[in-house]
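A.B. asks: Submitted below is the structure of interest, expressed as structure tokens.
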Amino acid sequence: MLSPKKIVSDIFKEEPNIENVMFVGCGASMADLYPAKYFLEKTAKKLRISISTANEFNYDTPVSLGKTSIVIVASLGGTTPESVEATKVASKAGAHVISVTNSEGSPLTEAAEFVIVHGFHESYAAKVAKMKNVLILAIEILQKSEGYDHYDEMMDALSKIDDLINESVKTVTPSAKVFADKYKNDKLIYVLSSGATLDVAYSTASFLFMEMQWIAAPTLNSGEYFHGPFEMTEKDVPYLLFMNDGPTRHLDARALTFLQRFDAKVTTIDAKDYGLASIASDNVIDFLNPMLLTGVMRVYAEELAIARNHPLTKRRYMWKLEY
């Protein structure tokens with residue numbers, strides 16, 4: 001199987017003038033694409049970047065889709081119908097399609113030009129293998145397209161992130177149990193973050209809380225919190241805040257100060273607590289936050305499920321009926 005670097009090299013040999021990169025997926029897989037999208041938005045000077053939920057891509061297809069497009073489509077099991085269809089739409093338009101999945105030979109791979117098969121079940125770090133592989137694709141695309149000044153720093157940090165995640169989760173259980181006991185009876189939890197970690201907040205809210213625990217969970221950008229949503233802040237209202245180590249930390253810290261000022265029930269999961277800066281320089285640290293915080297949050301979710309006597313696999317509708 002080709003590496004992300006070889007895949008990108010082969011694409012640029014065929015089409016040196018790549019103009020846009022489109023990330024497509026559904027649910028948690030779309031959220032896993034977000035850090036790569038954020039990375040390219042912040043670092044690319046010429047490339048056009050977009051992210052779409054798959055059926056939006058299928059029914060309202062970008063007019064720029066074509067031979068100068070790279071389309072990265074992700075689905076963990078490789079069977080999500082909307083994402084499978086997106087690979088066909090992109091391929092038919094002449095785009096260079098990369099499928100990213102945990103399931104080799106799945107329907108997602110059939111119309112793709114290139115396939116990346118990643119881990120998932122092996123460890124807590126493997127839970128973010130999809131996110132990591134897509135970020136590497138984005139880095140290689142930038143490097144090939146216009147060059148990336150911090151390429152070596154980024155690749156060095158990525159080579160160490162798995163070990164950091166797996167070491168970090170060994171210390172998390174006590175605080176995760178406290179969180180679980182404190183929030184187990186809540187019917188609503190607001191989830192906040194910023195920067196590259198925004199969709200970690202979104203995936204935590206939409207999937208770990210709403211899908212897997214049936215807890216209502218609005219997602220808020222820490223920077224947008226003060227532009228409307230902070231009016232909901234009152235004593236003992238439940239919040240979960242992912243705090244970044246890097247350029248957008250100020251946004252998270254400002255939100256935390258306000259939440260504490262009005263005695264909201266707030267829990268923070270902070271990348272600084274797990275030593276992200278020990279493996280990542282200031283130039284690249286922002287883009288590593290989502291992987292570390294996702295790995296840690298998984299332990300929190302597992303403990304919450306135990307405290308609520310509600311397994312993470314329990315569903316009302318998914319896998320139960322046609323929709």
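Please note that chains go A, B, ... in the order of the structure tokens, that every chain numbers its residues from 1, and that ligands are numbered from 1 in the order shown.
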Quick one: everything within 12 Å of Arg316 of chain A, counting only C-alpha atoms, minus sequence neighbours fewer than 4 positions away in the same chain. Send it as a ChimeraX atom specification.
C.D. replies: /A:210-214,310,312,320-321
A.B. asks: Keeping N, CA, C and O atoms, export the residues of the selection given above as a PDB file, in the first residue's frame.
C.D. replies:
ATOM      1  N   MET A 210     -24.167  12.963  22.169  1.00  0.00           N
ATOM      2  CA  MET A 210     -25.529  12.838  21.622  1.00  0.00           C
ATOM      3  C   MET A 210     -25.806  11.446  21.064  1.00  0.00           C
ATOM      4  O   MET A 210     -26.822  10.825  21.381  1.00  0.00           O
ATOM      5  N   GLU A 211     -24.901  10.938  20.228  1.00  0.00           N
ATOM      6  CA  GLU A 211     -25.140   9.631  19.614  1.00  0.00           C
ATOM      7  C   GLU A 211     -24.994   8.493  20.619  1.00  0.00           C
ATOM      8  O   GLU A 211     -25.846   7.601  20.690  1.00  0.00           O
ATOM      9  N   MET A 212     -23.932   8.519  21.402  1.00  0.00           N
ATOM     10  CA  MET A 212     -23.589   7.371  22.236  1.00  0.00           C
ATOM     11  C   MET A 212     -24.127   7.448  23.661  1.00  0.00           C
ATOM     12  O   MET A 212     -24.178   6.434  24.352  1.00  0.00           O
ATOM     13  N   GLN A 213     -24.521   8.664  24.112  1.00  0.00           N
ATOM     14  CA  GLN A 213     -25.027   8.801  25.482  1.00  0.00           C
ATOM     15  C   GLN A 213     -26.394   9.488  25.557  1.00  0.00           C
ATOM     16  O   GLN A 213     -26.964   9.609  26.645  1.00  0.00           O
ATOM     17  N   TRP A 214     -26.889   9.990  24.428  1.00  0.00           N
ATOM     18  CA  TRP A 214     -28.203  10.640  24.370  1.00  0.00           C
ATOM     19  C   TRP A 214     -28.270  11.853  25.296  1.00  0.00           C
ATOM     20  O   TRP A 214     -29.284  12.123  25.937  1.00  0.00           O
ATOM     21  N   HIS A 310     -24.680   3.082  30.462  1.00  0.00           N
ATOM     22  CA  HIS A 310     -25.139   3.280  29.081  1.00  0.00           C
ATOM     23  C   HIS A 310     -23.944   3.031  28.164  1.00  0.00           C
ATOM     24  O   HIS A 310     -23.157   3.940  27.902  1.00  0.00           O
ATOM     25  N   LEU A 312     -21.255   2.694  25.195  1.00  0.00           N
ATOM     26  CA  LEU A 312     -21.034   3.561  24.036  1.00  0.00           C
ATOM     27  C   LEU A 312     -21.605   2.968  22.756  1.00  0.00           C
ATOM     28  O   LEU A 312     -21.781   3.682  21.768  1.00  0.00           O
ATOM     29  N   LYS A 320     -30.514  -0.003  13.656  1.00  0.00           N
ATOM     30  CA  LYS A 320     -31.792  -0.596  14.060  1.00  0.00           C
ATOM     31  C   LYS A 320     -32.856  -0.497  12.968  1.00  0.00           C
ATOM     32  O   LYS A 320     -33.785  -1.306  12.938  1.00  0.00           O
ATOM     33  N   LEU A 321     -32.761   0.514  12.115  1.00  0.00           N
ATOM     34  CA  LEU A 321     -33.807   0.716  11.111  1.00  0.00           C
ATOM     35  C   LEU A 321     -33.240   1.422   9.892  1.00  0.00           C
ATOM     36  O   LEU A 321     -32.143   1.962   9.923  1.00  0.00           O
TER      37      LEU A 321
END
A.B. asks: When you look at Lys235 of chain A with a cut-off of 8 Å (counting only C-alpha atoms), what residues show up, excluding the ones that are within fewer than 3 positions of it in the same chain? I need them as a PyMOL selection string.
C.D. replies: chain A and resi 262-265
A.B. asks: Keeping only N, CA, C and O atoms, take the residues you just selected and write them out as a short mmCIF file (atom, residue, chain, number, x, y, z; two decimals), in the first residue's frame.
C.D. replies:
data_model
loop_
_atom_site.label_atom_id
_atom_site.label_comp_id
_atom_site.auth_asym_id
_atom_site.auth_seq_id
_atom_site.Cartn_x
_atom_site.Cartn_y
_atom_site.Cartn_z
N PHE A 262 -18.82 32.89 36.81
CA PHE A 262 -20.24 32.71 37.12
C PHE A 262 -20.56 31.29 37.61
O PHE A 262 -21.70 30.85 37.55
N ASP A 263 -19.52 30.62 38.09
CA ASP A 263 -19.68 29.32 38.77
C ASP A 263 -20.37 28.27 37.92
O ASP A 263 -21.15 27.45 38.43
N ALA A 264 -20.11 28.28 36.62
CA ALA A 264 -20.59 27.18 35.77
C ALA A 264 -19.88 25.90 36.19
O ALA A 264 -18.79 25.94 36.78
N LYS A 265 -20.48 24.79 35.91
CA LYS A 265 -19.85 23.49 36.19
C LYS A 265 -18.98 23.16 34.99
O LYS A 265 -19.45 22.65 33.98
#
A.B. asks: Residues at most 12 Å from Thr257 of chain A, counting only C-alpha atoms, excluding those fewer than 6 positions away in the same chain, as a list of chain:residue names?
C.D. replies: A:Ser222, A:Phe226, A:Phe230, A:Thr233, A:Leu241, A:His250, A:Leu251, A:Asp263, A:Ala264, A:Val266, A:Thr268
A.B. asks: With only C-alpha atoms counted and 12 Å as the cut-off, give the residues of segment 87-123 of chain A in contact with segment 45-56 of chain A, each with its shortest interatomic distance in Å and the pair that gives it, as a tab-separated table.
C.D. replies:
residue	atom	partner	partner_atom	distance
A:Thr87	CA	A:Ala54	CA	9.3
A:Lys88	CA	A:Ala54	CA	11.3
A:Val89	CA	A:Ala54	CA	10.2
A:Ala90	CA	A:Ala54	CA	10.9
A.B. asks: Select from segment 1-238 of chain A everything DSSP, run on the backbone, classes as strand (DSSP E), then give the selection as a PyMOL selection string.
C.D. replies: chain A and resi 20-25+48-53+69-74+96-101+114-117+190-193+219-221+238
A.B. asks: Residues within 8 Å of Tyr274 of chain A, please, as JSON, numbers by chain. Count only C-alpha atoms; anything in the same chain fewer than 4 positions from it doesn't count.
C.D. replies: {"A": [164, 168, 270]}
A.B. asks: Could you list, as a PyMOL selection string, every residue within 9 Å of Val128 of chain A, counting only C-alpha atoms and ignoring same-chain residues fewer than 5 positions away?
C.D. replies: chain A and resi 32+119-120+133+162+290-292+294-295
A.B. asks: Determine which residues of segment 102-263 of chain A DSSP labels as alpha helix (DSSP H) from the backbone of this structure, then write them out as a PyMOL selection string.
C.D. replies: chain A and resi 129-145+151-168+173-183+198-203+212-213+249-261
A.B. asks: Can you work out the spacing between atom CA of His227 of chain A and atom CA of Asp245 of chain A in Å, to one decimal?
C.D. replies: 23.0 Å
A.B. asks: Quick one: residues within 9 Å of Met131 of chain A, only C-alpha atoms counted, chain neighbours fewer than 3 positions away excluded, as a list in words?
C.D. replies: Ser29, Ala31, Asp32, Leu33, Tyr34, Pro35, Ala36, Lys127, Val128, Val134, Leu135, Ile136, Pro290 and Met291 of chain A
A.B. asks: Would you mind exporting N, CA, C and O atoms of the selected residues as a PDB file, in the first residue's frame?
C.D. replies:
ATOM      1  N   SER A  29     -16.090  10.854  10.933  1.00  0.00           N
ATOM      2  CA  SER A  29     -15.054  10.862   9.898  1.00  0.00           C
ATOM      3  C   SER A  29     -14.863  12.255   9.324  1.00  0.00           C
ATOM      4  O   SER A  29     -13.732  12.665   9.043  1.00  0.00           O
ATOM      5  N   ALA A  31     -15.382  14.983  11.000  1.00  0.00           N
ATOM      6  CA  ALA A  31     -14.686  15.703  12.068  1.00  0.00           C
ATOM      7  C   ALA A  31     -13.192  15.383  12.072  1.00  0.00           C
ATOM      8  O   ALA A  31     -12.354  16.260  12.328  1.00  0.00           O
ATOM      9  N   ASP A  32     -12.836  14.133  11.764  1.00  0.00           N
ATOM     10  CA  ASP A  32     -11.423  13.747  11.714  1.00  0.00           C
ATOM     11  C   ASP A  32     -10.671  14.413  10.565  1.00  0.00           C
ATOM     12  O   ASP A  32      -9.438  14.491  10.586  1.00  0.00           O
ATOM     13  N   LEU A  33     -11.400  14.881   9.561  1.00  0.00           N
ATOM     14  CA  LEU A  33     -10.780  15.579   8.445  1.00  0.00           C
ATOM     15  C   LEU A  33     -10.462  17.039   8.777  1.00  0.00           C
ATOM     16  O   LEU A  33      -9.634  17.671   8.112  1.00  0.00           O
ATOM     17  N   TYR A  34     -11.114  17.562   9.791  1.00  0.00           N
ATOM     18  CA  TYR A  34     -11.040  18.999  10.065  1.00  0.00           C
ATOM     19  C   TYR A  34      -9.629  19.508  10.379  1.00  0.00           C
ATOM     20  O   TYR A  34      -9.227  20.568   9.884  1.00  0.00           O
ATOM     21  N   PRO A  35      -8.828  18.814  11.195  1.00  0.00           N
ATOM     22  CA  PRO A  35      -7.487  19.347  11.464  1.00  0.00           C
ATOM     23  C   PRO A  35      -6.638  19.534  10.206  1.00  0.00           C
ATOM     24  O   PRO A  35      -5.883  20.507  10.107  1.00  0.00           O
ATOM     25  N   ALA A  36      -6.770  18.627   9.244  1.00  0.00           N
ATOM     26  CA  ALA A  36      -6.024  18.769   7.987  1.00  0.00           C
ATOM     27  C   ALA A  36      -6.533  19.958   7.191  1.00  0.00           C
ATOM     28  O   ALA A  36      -5.756  20.711   6.590  1.00  0.00           O
ATOM     29  N   LYS A 127      -7.022   5.363  17.677  1.00  0.00           N
ATOM     30  CA  LYS A 127      -8.320   6.014  17.495  1.00  0.00           C
ATOM     31  C   LYS A 127      -8.206   7.279  16.651  1.00  0.00           C
ATOM     32  O   LYS A 127      -9.193   7.750  16.088  1.00  0.00           O
ATOM     33  N   VAL A 128      -6.994   7.840  16.576  1.00  0.00           N
ATOM     34  CA  VAL A 128      -6.808   9.049  15.776  1.00  0.00           C
ATOM     35  C   VAL A 128      -5.947   8.780  14.540  1.00  0.00           C
ATOM     36  O   VAL A 128      -5.434   9.712  13.915  1.00  0.00           O
ATOM     37  N   VAL A 134      -4.670  11.723   7.435  1.00  0.00           N
ATOM     38  CA  VAL A 134      -5.184  12.797   6.585  1.00  0.00           C
ATOM     39  C   VAL A 134      -4.363  14.066   6.773  1.00  0.00           C
ATOM     40  O   VAL A 134      -4.091  14.793   5.808  1.00  0.00           O
ATOM     41  N   LEU A 135      -3.932  14.334   8.004  1.00  0.00           N
ATOM     42  CA  LEU A 135      -3.059  15.482   8.225  1.00  0.00           C
ATOM     43  C   LEU A 135      -1.743  15.310   7.470  1.00  0.00           C
ATOM     44  O   LEU A 135      -1.236  16.268   6.864  1.00  0.00           O
ATOM     45  N   ILE A 136      -1.193  14.109   7.479  1.00  0.00           N
ATOM     46  CA  ILE A 136       0.043  13.858   6.728  1.00  0.00           C
ATOM     47  C   ILE A 136      -0.173  14.078   5.239  1.00  0.00           C
ATOM     48  O   ILE A 136       0.669  14.666   4.543  1.00  0.00           O
ATOM     49  N   PRO A 290      -5.511  18.363  18.328  1.00  0.00           N
ATOM     50  CA  PRO A 290      -6.701  17.514  18.167  1.00  0.00           C
ATOM     51  C   PRO A 290      -6.445  16.041  18.421  1.00  0.00           C
ATOM     52  O   PRO A 290      -7.308  15.356  18.986  1.00  0.00           O
ATOM     53  N   MET A 291      -5.302  15.538  18.025  1.00  0.00           N
ATOM     54  CA  MET A 291      -5.010  14.121  18.218  1.00  0.00           C
ATOM     55  C   MET A 291      -4.849  13.775  19.695  1.00  0.00           C
ATOM     56  O   MET A 291      -5.432  12.804  20.189  1.00  0.00           O
TER      57      MET A 291
END
A.B. asks: Ala112 of chain A: which residues within 7 Å, counting only C-alpha atoms, same-chain residues fewer than 6 positions away excluded, as a PDB file with C-alpha atoms, in the first residue's frame?
C.D. replies:
ATOM      1  CA  THR A  87     -15.975   8.945  -4.283  1.00  0.00           C
ATOM      2  CA  SER A  91     -13.975  10.271  -9.750  1.00  0.00           C
ATOM      3  CA  VAL A  97      -9.693  10.645  -5.166  1.00  0.00           C
ATOM      4  CA  ILE A  98      -8.069   9.326  -1.990  1.00  0.00           C
ATOM      5  CA  SER A  99     -10.162   7.048   0.229  1.00  0.00           C
TER       6      SER A  99
END
A.B. asks: Between A:Tyr300, A:Val169, A:Ile215, A:Leu108, single out the one closest to Pro81 of chain A, counting only C-alpha atoms.
C.D. replies: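 Once distances to Pro81 of chain A are computed over only C-alpha atoms, the minimum belongs to A:Leu108.
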A.B. asks: What is the atom CA of Ala126 of chain A to atom CA of Ala271 of chain A distance in Å?
C.D. replies: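 Atom-to-atom, atom CA of Ala126 of chain A and atom CA of Ala271 of chain A are spaced 18.1 Å apart.
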A.B. asks: Looking at only C-alpha atoms, which of A:Val115, A:Ala280, A:Ala217, A:Val191 is the one that sits closest to Met1 of chain A?
C.D. replies: A:Val115
